[in-house]
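Novice: Got protein.txt for you, compact mmCIF, N, CA and C atoms:
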# COMPACT_ATOMS: atom_id res chain seq x y z
N MET A 26 17.73 64.92 96.44
CA MET A 26 17.23 63.62 96.07
C MET A 26 15.83 63.79 95.48
N LYS A 27 15.61 63.12 94.40
CA LYS A 27 14.31 63.21 93.73
C LYS A 27 13.31 62.35 94.48
N ARG A 28 12.16 62.91 94.52
CA ARG A 28 11.07 62.13 95.12
C ARG A 28 10.44 61.25 94.06
N MET A 29 10.27 60.06 94.41
CA MET A 29 9.59 59.15 93.49
C MET A 29 8.11 59.18 93.82
N ARG A 30 7.37 59.40 92.78
CA ARG A 30 5.92 59.39 92.99
C ARG A 30 5.43 57.95 92.92
N ARG A 31 4.62 57.67 93.83
CA ARG A 31 4.01 56.35 93.80
C ARG A 31 2.71 56.45 93.03
N ARG A 32 2.55 55.53 92.14
CA ARG A 32 1.32 55.49 91.37
C ARG A 32 0.30 54.68 92.14
N LYS A 33 -0.87 55.23 92.26
CA LYS A 33 -1.92 54.52 92.96
C LYS A 33 -2.42 53.37 92.10
N ALA A 34 -2.76 52.29 92.72
CA ALA A 34 -3.29 51.13 91.99
C ALA A 34 -4.67 51.48 91.45
N GLY A 35 -4.96 51.01 90.25
CA GLY A 35 -6.25 51.28 89.64
C GLY A 35 -6.11 51.52 88.16
N LEU A 36 -7.23 51.81 87.53
CA LEU A 36 -7.24 52.02 86.09
C LEU A 36 -7.45 53.49 85.79
N THR A 37 -6.80 53.94 84.74
CA THR A 37 -7.00 55.32 84.31
C THR A 37 -8.28 55.40 83.49
N LEU A 38 -8.73 56.60 83.29
CA LEU A 38 -9.94 56.81 82.51
C LEU A 38 -9.76 56.29 81.08
N ILE A 39 -8.61 56.47 80.51
CA ILE A 39 -8.33 55.99 79.15
C ILE A 39 -8.45 54.47 79.09
N GLU A 40 -7.92 53.79 80.08
CA GLU A 40 -7.99 52.32 80.10
C GLU A 40 -9.44 51.84 80.21
N VAL A 41 -10.21 52.50 81.05
CA VAL A 41 -11.62 52.13 81.21
C VAL A 41 -12.38 52.36 79.90
N LEU A 42 -12.14 53.48 79.25
CA LEU A 42 -12.81 53.77 77.98
C LEU A 42 -12.41 52.78 76.90
N LEU A 43 -11.16 52.38 76.88
CA LEU A 43 -10.69 51.40 75.90
C LEU A 43 -11.38 50.06 76.10
N VAL A 44 -11.49 49.62 77.33
CA VAL A 44 -12.18 48.36 77.63
C VAL A 44 -13.65 48.45 77.23
N LEU A 45 -14.30 49.57 77.54
CA LEU A 45 -15.71 49.73 77.16
C LEU A 45 -15.88 49.72 75.64
N ALA A 46 -14.97 50.36 74.92
CA ALA A 46 -15.05 50.37 73.46
C ALA A 46 -14.92 48.96 72.90
N ILE A 47 -14.00 48.18 73.44
CA ILE A 47 -13.83 46.79 72.99
C ILE A 47 -15.09 45.97 73.28
N LEU A 48 -15.67 46.15 74.43
CA LEU A 48 -16.90 45.42 74.77
C LEU A 48 -18.06 45.79 73.86
N VAL A 49 -18.19 47.06 73.52
CA VAL A 49 -19.25 47.50 72.62
C VAL A 49 -19.06 46.89 71.23
N ILE A 50 -17.83 46.87 70.74
CA ILE A 50 -17.56 46.28 69.42
C ILE A 50 -17.88 44.79 69.43
N LEU A 51 -17.44 44.08 70.45
CA LEU A 51 -17.73 42.64 70.54
C LEU A 51 -19.24 42.40 70.64
N GLY A 52 -19.93 43.20 71.41
CA GLY A 52 -21.39 43.06 71.54
C GLY A 52 -22.10 43.27 70.22
N ALA A 53 -21.65 44.24 69.45
CA ALA A 53 -22.26 44.50 68.15
C ALA A 53 -22.04 43.34 67.20
N ILE A 54 -20.85 42.79 67.20
CA ILE A 54 -20.55 41.64 66.32
C ILE A 54 -21.41 40.44 66.70
N VAL A 55 -21.50 40.14 67.97
CA VAL A 55 -22.31 39.00 68.43
C VAL A 55 -23.79 39.25 68.12
N GLY A 56 -24.27 40.46 68.35
CA GLY A 56 -25.67 40.78 68.09
C GLY A 56 -26.05 40.59 66.64
N VAL A 57 -25.21 41.04 65.73
CA VAL A 57 -25.48 40.89 64.30
C VAL A 57 -25.51 39.41 63.93
N ASN A 58 -24.59 38.62 64.45
CA ASN A 58 -24.55 37.20 64.14
C ASN A 58 -25.78 36.46 64.67
N VAL A 59 -26.25 36.84 65.85
CA VAL A 59 -27.45 36.21 66.42
C VAL A 59 -28.67 36.54 65.57
N ILE A 60 -28.80 37.78 65.14
CA ILE A 60 -29.94 38.18 64.31
C ILE A 60 -29.91 37.44 62.98
N ASN A 61 -28.75 37.33 62.35
CA ASN A 61 -28.64 36.60 61.08
C ASN A 61 -28.95 35.12 61.26
N ALA A 62 -28.53 34.53 62.37
CA ALA A 62 -28.82 33.13 62.63
C ALA A 62 -30.32 32.92 62.79
N GLN A 63 -31.01 33.85 63.45
CA GLN A 63 -32.46 33.74 63.62
C GLN A 63 -33.18 33.83 62.28
N LYS A 64 -32.73 34.73 61.41
CA LYS A 64 -33.33 34.85 60.07
C LYS A 64 -33.17 33.56 59.29
N ARG A 65 -31.97 32.99 59.32
CA ARG A 65 -31.73 31.72 58.61
C ARG A 65 -32.58 30.60 59.19
N ALA A 66 -32.72 30.56 60.50
CA ALA A 66 -33.53 29.52 61.15
C ALA A 66 -34.99 29.64 60.74
N ASN A 67 -35.52 30.86 60.67
CA ASN A 67 -36.91 31.06 60.24
C ASN A 67 -37.11 30.62 58.80
N ILE A 68 -36.16 30.93 57.93
CA ILE A 68 -36.27 30.53 56.53
C ILE A 68 -36.22 29.01 56.41
N ASP A 69 -35.32 28.37 57.15
CA ASP A 69 -35.24 26.91 57.14
C ASP A 69 -36.51 26.27 57.68
N ALA A 70 -37.09 26.86 58.72
CA ALA A 70 -38.34 26.34 59.28
C ALA A 70 -39.48 26.46 58.27
N ALA A 71 -39.55 27.57 57.55
CA ALA A 71 -40.60 27.75 56.54
C ALA A 71 -40.44 26.72 55.43
N LYS A 72 -39.21 26.48 54.98
CA LYS A 72 -38.98 25.48 53.94
C LYS A 72 -39.42 24.09 54.40
N ALA A 73 -39.10 23.75 55.64
CA ALA A 73 -39.48 22.44 56.18
C ALA A 73 -41.00 22.32 56.28
N GLN A 74 -41.67 23.37 56.73
CA GLN A 74 -43.13 23.32 56.84
C GLN A 74 -43.77 23.22 55.46
N ILE A 75 -43.24 23.93 54.49
CA ILE A 75 -43.78 23.85 53.13
C ILE A 75 -43.62 22.44 52.58
N ASN A 76 -42.47 21.82 52.82
CA ASN A 76 -42.27 20.44 52.37
C ASN A 76 -43.27 19.49 53.04
N SER A 77 -43.52 19.71 54.31
CA SER A 77 -44.49 18.89 55.04
C SER A 77 -45.90 19.09 54.46
N LEU A 78 -46.27 20.34 54.22
CA LEU A 78 -47.59 20.62 53.64
C LEU A 78 -47.72 20.00 52.25
N GLU A 79 -46.64 20.02 51.49
CA GLU A 79 -46.65 19.41 50.16
C GLU A 79 -46.94 17.91 50.26
N GLY A 80 -46.34 17.26 51.26
CA GLY A 80 -46.61 15.84 51.48
C GLY A 80 -48.06 15.58 51.85
N LEU A 81 -48.64 16.46 52.65
CA LEU A 81 -50.05 16.31 53.02
C LEU A 81 -50.96 16.49 51.80
N VAL A 82 -50.62 17.44 50.93
CA VAL A 82 -51.40 17.64 49.71
C VAL A 82 -51.30 16.41 48.81
N GLN A 83 -50.12 15.81 48.75
CA GLN A 83 -49.96 14.59 47.94
C GLN A 83 -50.80 13.45 48.49
N GLN A 84 -50.87 13.31 49.81
CA GLN A 84 -51.71 12.26 50.40
C GLN A 84 -53.18 12.52 50.11
N TYR A 85 -53.60 13.77 50.23
CA TYR A 85 -54.97 14.16 49.88
C TYR A 85 -55.26 13.79 48.43
N THR A 86 -54.31 14.11 47.54
CA THR A 86 -54.49 13.85 46.12
C THR A 86 -54.62 12.35 45.85
N LEU A 87 -53.82 11.53 46.53
CA LEU A 87 -53.93 10.08 46.36
C LEU A 87 -55.29 9.57 46.79
N ASP A 88 -55.81 10.09 47.89
CA ASP A 88 -57.10 9.63 48.39
C ASP A 88 -58.26 10.12 47.55
N VAL A 89 -58.30 11.40 47.26
CA VAL A 89 -59.46 12.03 46.62
C VAL A 89 -59.41 11.89 45.09
N GLY A 90 -58.21 11.82 44.54
CA GLY A 90 -58.07 11.71 43.10
C GLY A 90 -57.73 13.02 42.42
N SER A 91 -57.75 14.10 43.16
CA SER A 91 -57.34 15.40 42.65
C SER A 91 -56.87 16.23 43.83
N GLN A 92 -56.01 17.20 43.53
CA GLN A 92 -55.53 18.05 44.61
C GLN A 92 -56.59 19.07 44.99
N PRO A 93 -56.46 19.67 46.15
CA PRO A 93 -57.42 20.72 46.52
C PRO A 93 -57.39 21.85 45.49
N THR A 94 -58.52 22.43 45.24
CA THR A 94 -58.56 23.59 44.33
C THR A 94 -57.98 24.79 45.06
N SER A 95 -57.72 25.83 44.30
CA SER A 95 -57.20 27.06 44.92
C SER A 95 -58.21 27.63 45.90
N ASP A 96 -59.50 27.51 45.58
CA ASP A 96 -60.54 28.01 46.49
C ASP A 96 -60.60 27.20 47.77
N GLN A 97 -60.41 25.88 47.67
CA GLN A 97 -60.44 25.03 48.86
C GLN A 97 -59.21 25.27 49.72
N GLY A 98 -58.09 25.46 49.09
CA GLY A 98 -56.84 25.77 49.80
C GLY A 98 -56.40 24.68 50.75
N LEU A 99 -55.51 25.05 51.65
CA LEU A 99 -54.97 24.10 52.61
C LEU A 99 -56.00 23.68 53.67
N ALA A 100 -57.10 24.41 53.76
CA ALA A 100 -58.16 24.04 54.70
C ALA A 100 -58.76 22.69 54.34
N ALA A 101 -58.63 22.28 53.06
CA ALA A 101 -59.15 20.99 52.62
C ALA A 101 -58.41 19.83 53.28
N LEU A 102 -57.25 20.10 53.83
CA LEU A 102 -56.49 19.05 54.52
C LEU A 102 -57.05 18.76 55.90
N MET A 103 -57.77 19.72 56.46
CA MET A 103 -58.28 19.58 57.83
C MET A 103 -59.76 19.20 57.89
N ALA A 104 -60.53 19.64 56.90
CA ALA A 104 -61.97 19.34 56.86
C ALA A 104 -62.36 19.08 55.42
N ALA A 105 -63.23 18.11 55.22
CA ALA A 105 -63.65 17.76 53.87
C ALA A 105 -64.35 18.96 53.22
N PRO A 106 -63.90 19.35 52.05
CA PRO A 106 -64.57 20.46 51.35
C PRO A 106 -66.00 20.07 51.00
N GLY A 107 -66.90 21.01 51.05
CA GLY A 107 -68.32 20.74 50.76
C GLY A 107 -68.58 20.44 49.30
N ASP A 108 -67.67 20.80 48.42
CA ASP A 108 -67.91 20.61 47.00
C ASP A 108 -67.15 19.42 46.40
N LEU A 109 -66.77 18.44 47.24
CA LEU A 109 -66.12 17.24 46.72
C LEU A 109 -67.10 16.40 45.92
N ARG A 110 -66.61 15.84 44.79
CA ARG A 110 -67.48 14.97 43.98
C ARG A 110 -67.84 13.71 44.74
N ASN A 111 -66.88 13.14 45.43
CA ASN A 111 -67.13 11.92 46.20
C ASN A 111 -66.56 12.10 47.60
N PRO A 112 -67.36 12.64 48.53
CA PRO A 112 -66.86 12.92 49.88
C PRO A 112 -66.36 11.68 50.63
N ALA A 113 -66.81 10.49 50.23
CA ALA A 113 -66.37 9.27 50.92
C ALA A 113 -64.89 8.99 50.71
N LYS A 114 -64.28 9.57 49.68
CA LYS A 114 -62.86 9.35 49.41
C LYS A 114 -61.96 10.18 50.33
N TRP A 115 -62.51 11.22 50.91
CA TRP A 115 -61.70 12.08 51.80
C TRP A 115 -61.45 11.31 53.09
N ARG A 116 -60.19 11.11 53.46
CA ARG A 116 -59.83 10.33 54.64
C ARG A 116 -59.07 11.14 55.67
N GLY A 117 -59.38 12.40 55.75
CA GLY A 117 -58.65 13.30 56.64
C GLY A 117 -59.22 13.30 58.03
N PRO A 118 -58.79 14.17 58.85
CA PRO A 118 -57.83 15.22 58.54
C PRO A 118 -56.45 14.62 58.26
N TYR A 119 -55.70 15.31 57.41
CA TYR A 119 -54.41 14.82 56.97
C TYR A 119 -53.25 15.27 57.86
N SER A 120 -53.56 16.00 58.88
CA SER A 120 -52.56 16.42 59.86
C SER A 120 -53.15 16.30 61.25
N ASN A 121 -52.30 15.96 62.21
CA ASN A 121 -52.76 15.87 63.61
C ASN A 121 -52.91 17.24 64.24
N ARG A 122 -52.29 18.24 63.64
CA ARG A 122 -52.34 19.59 64.17
C ARG A 122 -52.93 20.53 63.13
N GLU A 123 -53.32 21.70 63.57
CA GLU A 123 -53.80 22.72 62.65
C GLU A 123 -52.69 23.10 61.68
N ILE A 124 -53.07 23.60 60.52
CA ILE A 124 -52.08 24.07 59.56
C ILE A 124 -51.37 25.27 60.21
N PRO A 125 -50.05 25.20 60.33
CA PRO A 125 -49.34 26.27 61.05
C PRO A 125 -49.25 27.54 60.23
N ALA A 126 -49.03 28.63 60.91
CA ALA A 126 -48.67 29.88 60.24
C ALA A 126 -47.18 29.81 59.96
N ASP A 127 -46.72 30.62 59.03
CA ASP A 127 -45.28 30.65 58.75
C ASP A 127 -44.55 31.28 59.95
N PRO A 128 -43.22 31.22 59.99
CA PRO A 128 -42.49 31.75 61.14
C PRO A 128 -42.70 33.24 61.40
N TRP A 129 -43.28 33.97 60.45
CA TRP A 129 -43.53 35.40 60.62
C TRP A 129 -44.99 35.67 60.95
N GLY A 130 -45.77 34.60 61.20
CA GLY A 130 -47.15 34.75 61.64
C GLY A 130 -48.19 34.85 60.54
N ASN A 131 -47.80 34.65 59.29
CA ASN A 131 -48.75 34.72 58.18
C ASN A 131 -49.18 33.32 57.75
N PRO A 132 -50.40 33.18 57.23
CA PRO A 132 -50.80 31.86 56.73
C PRO A 132 -50.02 31.50 55.47
N TYR A 133 -49.79 30.22 55.28
CA TYR A 133 -49.17 29.77 54.03
C TYR A 133 -50.18 29.95 52.90
N GLN A 134 -49.67 30.26 51.74
CA GLN A 134 -50.50 30.49 50.56
C GLN A 134 -50.53 29.20 49.73
N TYR A 135 -51.65 28.97 49.05
CA TYR A 135 -51.81 27.76 48.25
C TYR A 135 -52.49 28.13 46.95
N GLU A 136 -51.97 27.54 45.86
CA GLU A 136 -52.60 27.73 44.55
C GLU A 136 -52.44 26.45 43.75
N ALA A 137 -53.56 25.90 43.29
CA ALA A 137 -53.53 24.73 42.41
C ALA A 137 -53.12 25.19 41.02
N GLN A 138 -52.13 24.48 40.46
CA GLN A 138 -51.62 24.85 39.13
C GLN A 138 -51.59 23.59 38.27
N GLY A 139 -52.73 23.25 37.69
CA GLY A 139 -52.80 22.04 36.86
C GLY A 139 -52.54 20.80 37.69
N GLU A 140 -51.49 20.09 37.36
CA GLU A 140 -51.16 18.85 38.08
C GLU A 140 -50.30 19.10 39.32
N THR A 141 -49.89 20.32 39.52
CA THR A 141 -49.05 20.62 40.69
C THR A 141 -49.74 21.67 41.56
N ALA A 142 -49.19 21.84 42.73
CA ALA A 142 -49.70 22.86 43.65
C ALA A 142 -48.54 23.73 44.09
N LYS A 143 -48.77 25.01 44.18
CA LYS A 143 -47.76 25.94 44.68
C LYS A 143 -48.13 26.30 46.12
N ILE A 144 -47.19 26.08 47.01
CA ILE A 144 -47.37 26.45 48.42
C ILE A 144 -46.23 27.41 48.74
N TRP A 145 -46.56 28.56 49.32
CA TRP A 145 -45.50 29.52 49.59
C TRP A 145 -45.81 30.38 50.80
N SER A 146 -44.73 31.01 51.27
CA SER A 146 -44.78 31.97 52.37
C SER A 146 -44.34 33.31 51.82
N PHE A 147 -44.90 34.38 52.34
CA PHE A 147 -44.49 35.72 51.92
C PHE A 147 -43.07 36.05 52.38
N GLY A 148 -42.53 35.29 53.31
CA GLY A 148 -41.17 35.49 53.77
C GLY A 148 -41.04 36.60 54.81
N PRO A 149 -39.81 36.96 55.12
CA PRO A 149 -39.56 37.93 56.20
C PRO A 149 -40.20 39.30 56.00
N ASP A 150 -40.36 39.74 54.75
CA ASP A 150 -40.94 41.08 54.54
C ASP A 150 -42.47 41.07 54.54
N ARG A 151 -43.06 39.87 54.61
CA ARG A 151 -44.52 39.70 54.66
C ARG A 151 -45.24 40.30 53.46
N GLN A 152 -44.54 40.39 52.32
CA GLN A 152 -45.11 40.95 51.09
C GLN A 152 -45.09 39.88 50.01
N ASN A 153 -46.19 39.71 49.31
CA ASN A 153 -46.28 38.73 48.24
C ASN A 153 -45.55 39.22 47.00
N GLY A 154 -44.87 38.28 46.33
CA GLY A 154 -44.24 38.59 45.06
C GLY A 154 -42.89 39.26 45.15
N THR A 155 -42.24 39.18 46.30
CA THR A 155 -40.91 39.79 46.43
C THR A 155 -39.85 38.70 46.43
N ALA A 156 -38.60 39.10 46.36
CA ALA A 156 -37.48 38.15 46.23
C ALA A 156 -37.33 37.23 47.42
N ASP A 157 -37.85 37.60 48.59
CA ASP A 157 -37.65 36.75 49.75
C ASP A 157 -38.79 35.75 49.99
N ASP A 158 -39.75 35.66 49.05
CA ASP A 158 -40.81 34.66 49.18
C ASP A 158 -40.18 33.27 49.19
N ILE A 159 -40.77 32.37 49.96
CA ILE A 159 -40.27 31.00 50.07
C ILE A 159 -41.34 30.07 49.51
N THR A 160 -40.96 29.24 48.55
CA THR A 160 -41.93 28.38 47.87
C THR A 160 -41.41 26.97 47.70
N ASN A 161 -42.32 26.06 47.35
CA ASN A 161 -41.90 24.67 47.09
C ASN A 161 -41.38 24.51 45.69
Translate the structure described by the file into structure tokens.
Specialist:
Amino acid sequence: MKRMRRRKAGLTLIEVLLVLAILVILGAIVGVNVINAQKRANIDAAKAQINSLEGLVQQYTLDVGSQPTSDQGLAALMAAPGDLRNPAKWRGPYSNREIPADPWGNPYQYEAQGETAKIWSFGPDRQNGTADDITN
């Protein structure tokens, strides 16, 4: 009569390794998606802040009669520039909070361009003039 071997309850090494491999693959997929979502959120936040700053510059322009110069920059929104022709027209500060840094910790850049103003962030690479710069 043949002896029947009883298999002990439990998992084989192959089964454990297979489960671990599946968990590693799932973790990698989730990790990549979380990182991409954070990048998109930072870009969206920078765009929203730039739009807000643009509105503050427009309010300044309505009050003073001209937009801040490139030298005055966004600081003109928080304190009256010393070289204003008519300081009585300045009705700031134009924000209840300090001008924020971009989501990557850099100050927003400002340049007066004739009748318009350019406000931008260096973006995720923190380098000016690259494809990932975010501007109004």
Novice: Excluding same-chain residues fewer than 6 positions from Glu136 of chain A, what lies within 8 Å of it counting all atoms listed in the file, as an NGL selection string?
Specialist: :A and (93-96 or 98-99 or 142-145)
Novice: Filtering to N, CA and C atoms, could you give me those residues as a short mmCIF file (atom, residue, chain, number, x, y, z; two decimals), in the frame of the given file?
Specialist:
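In the end it all went to selection-v6.cif:
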data_model
loop_
_atom_site.label_atom_id
_atom_site.label_comp_id
_atom_site.auth_asym_id
_atom_site.auth_seq_id
_atom_site.Cartn_x
_atom_site.Cartn_y
_atom_site.Cartn_z
N PRO A 93 -56.46 19.67 46.15
CA PRO A 93 -57.42 20.72 46.52
C PRO A 93 -57.39 21.85 45.49
N THR A 94 -58.52 22.43 45.24
CA THR A 94 -58.56 23.59 44.33
C THR A 94 -57.98 24.79 45.06
N SER A 95 -57.72 25.83 44.30
CA SER A 95 -57.20 27.06 44.92
C SER A 95 -58.21 27.63 45.90
N ASP A 96 -59.50 27.51 45.58
CA ASP A 96 -60.54 28.01 46.49
C ASP A 96 -60.60 27.20 47.77
N GLY A 98 -58.09 25.46 49.09
CA GLY A 98 -56.84 25.77 49.80
C GLY A 98 -56.40 24.68 50.75
N LEU A 99 -55.51 25.05 51.65
CA LEU A 99 -54.97 24.10 52.61
C LEU A 99 -56.00 23.68 53.67
N ALA A 142 -49.19 21.84 42.73
CA ALA A 142 -49.70 22.86 43.65
C ALA A 142 -48.54 23.73 44.09
N LYS A 143 -48.77 25.01 44.18
CA LYS A 143 -47.76 25.94 44.68
C LYS A 143 -48.13 26.30 46.12
N ILE A 144 -47.19 26.08 47.01
CA ILE A 144 -47.37 26.45 48.42
C ILE A 144 -46.23 27.41 48.74
N TRP A 145 -46.56 28.56 49.32
CA TRP A 145 -45.50 29.52 49.59
C TRP A 145 -45.81 30.38 50.80
#
Novice: May I ask which of the residues A:Thr37, A:Tyr85, A:Gln63, A:Asp150 is the closest one to Gly130 of chain A, counting only C-alpha atoms?
Specialist: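 Selected residue with least distance to Gly130 of chain A: A:Asp150.
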Novice: Residues at most 12 Å from Arg122 of chain A, counting only C-alpha atoms, excluding those fewer than 3 positions away in the same chain, as number ranges by chain?
Specialist: A: 78, 81, 100, 102-103, 117-119, 125-126
Novice: Any chance you can output those residues with N, CA and C atoms as a compact mmCIF listing (two decimals), in the frame of the given file?
Specialist:
# COMPACT_ATOMS: atom_id res chain seq x y z
N LEU A 78 -46.27 20.34 54.22
CA LEU A 78 -47.59 20.62 53.64
C LEU A 78 -47.72 20.00 52.25
N LEU A 81 -48.64 16.46 52.65
CA LEU A 81 -50.05 16.31 53.02
C LEU A 81 -50.96 16.49 51.80
N ALA A 100 -57.10 24.41 53.76
CA ALA A 100 -58.16 24.04 54.70
C ALA A 100 -58.76 22.69 54.34
N LEU A 102 -57.25 20.10 53.83
CA LEU A 102 -56.49 19.05 54.52
C LEU A 102 -57.05 18.76 55.90
N MET A 103 -57.77 19.72 56.46
CA MET A 103 -58.28 19.58 57.83
C MET A 103 -59.76 19.20 57.89
N GLY A 117 -59.38 12.40 55.75
CA GLY A 117 -58.65 13.30 56.64
C GLY A 117 -59.22 13.30 58.03
N PRO A 118 -58.79 14.17 58.85
CA PRO A 118 -57.83 15.22 58.54
C PRO A 118 -56.45 14.62 58.26
N TYR A 119 -55.70 15.31 57.41
CA TYR A 119 -54.41 14.82 56.97
C TYR A 119 -53.25 15.27 57.86
N PRO A 125 -50.05 25.20 60.33
CA PRO A 125 -49.34 26.27 61.05
C PRO A 125 -49.25 27.54 60.23
N ALA A 126 -49.03 28.63 60.91
CA ALA A 126 -48.67 29.88 60.24
C ALA A 126 -47.18 29.81 59.96
Novice: Just how far from atom CA of Ala101 of chain A is atom CA of Thr141 of chain A, in Å to one decimal?
Specialist: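 That distance, rounded to one decimal, is 15.6 Å.
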Novice: What is the atom CA of Arg151 of chain A to atom C of Ile60 of chain A distance in Å?
Specialist: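 Atom-to-atom, atom CA of Arg151 of chain A and atom C of Ile60 of chain A are spaced 17.0 Å apart.
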Novice: Atom N of Asn153 of chain A and atom C of Asn121 of chain A, how far apart in Å?
Specialist: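 About the pair atom C of Asn121 of chain A and atom N of Asn153 of chain A: they are 27.8 Å apart.
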Novice: Got a sec to tell me which of chain A DSSP assigns to alpha helix (DSSP H), as a PyMOL selection string?
Specialist: chain A and resi 38-89
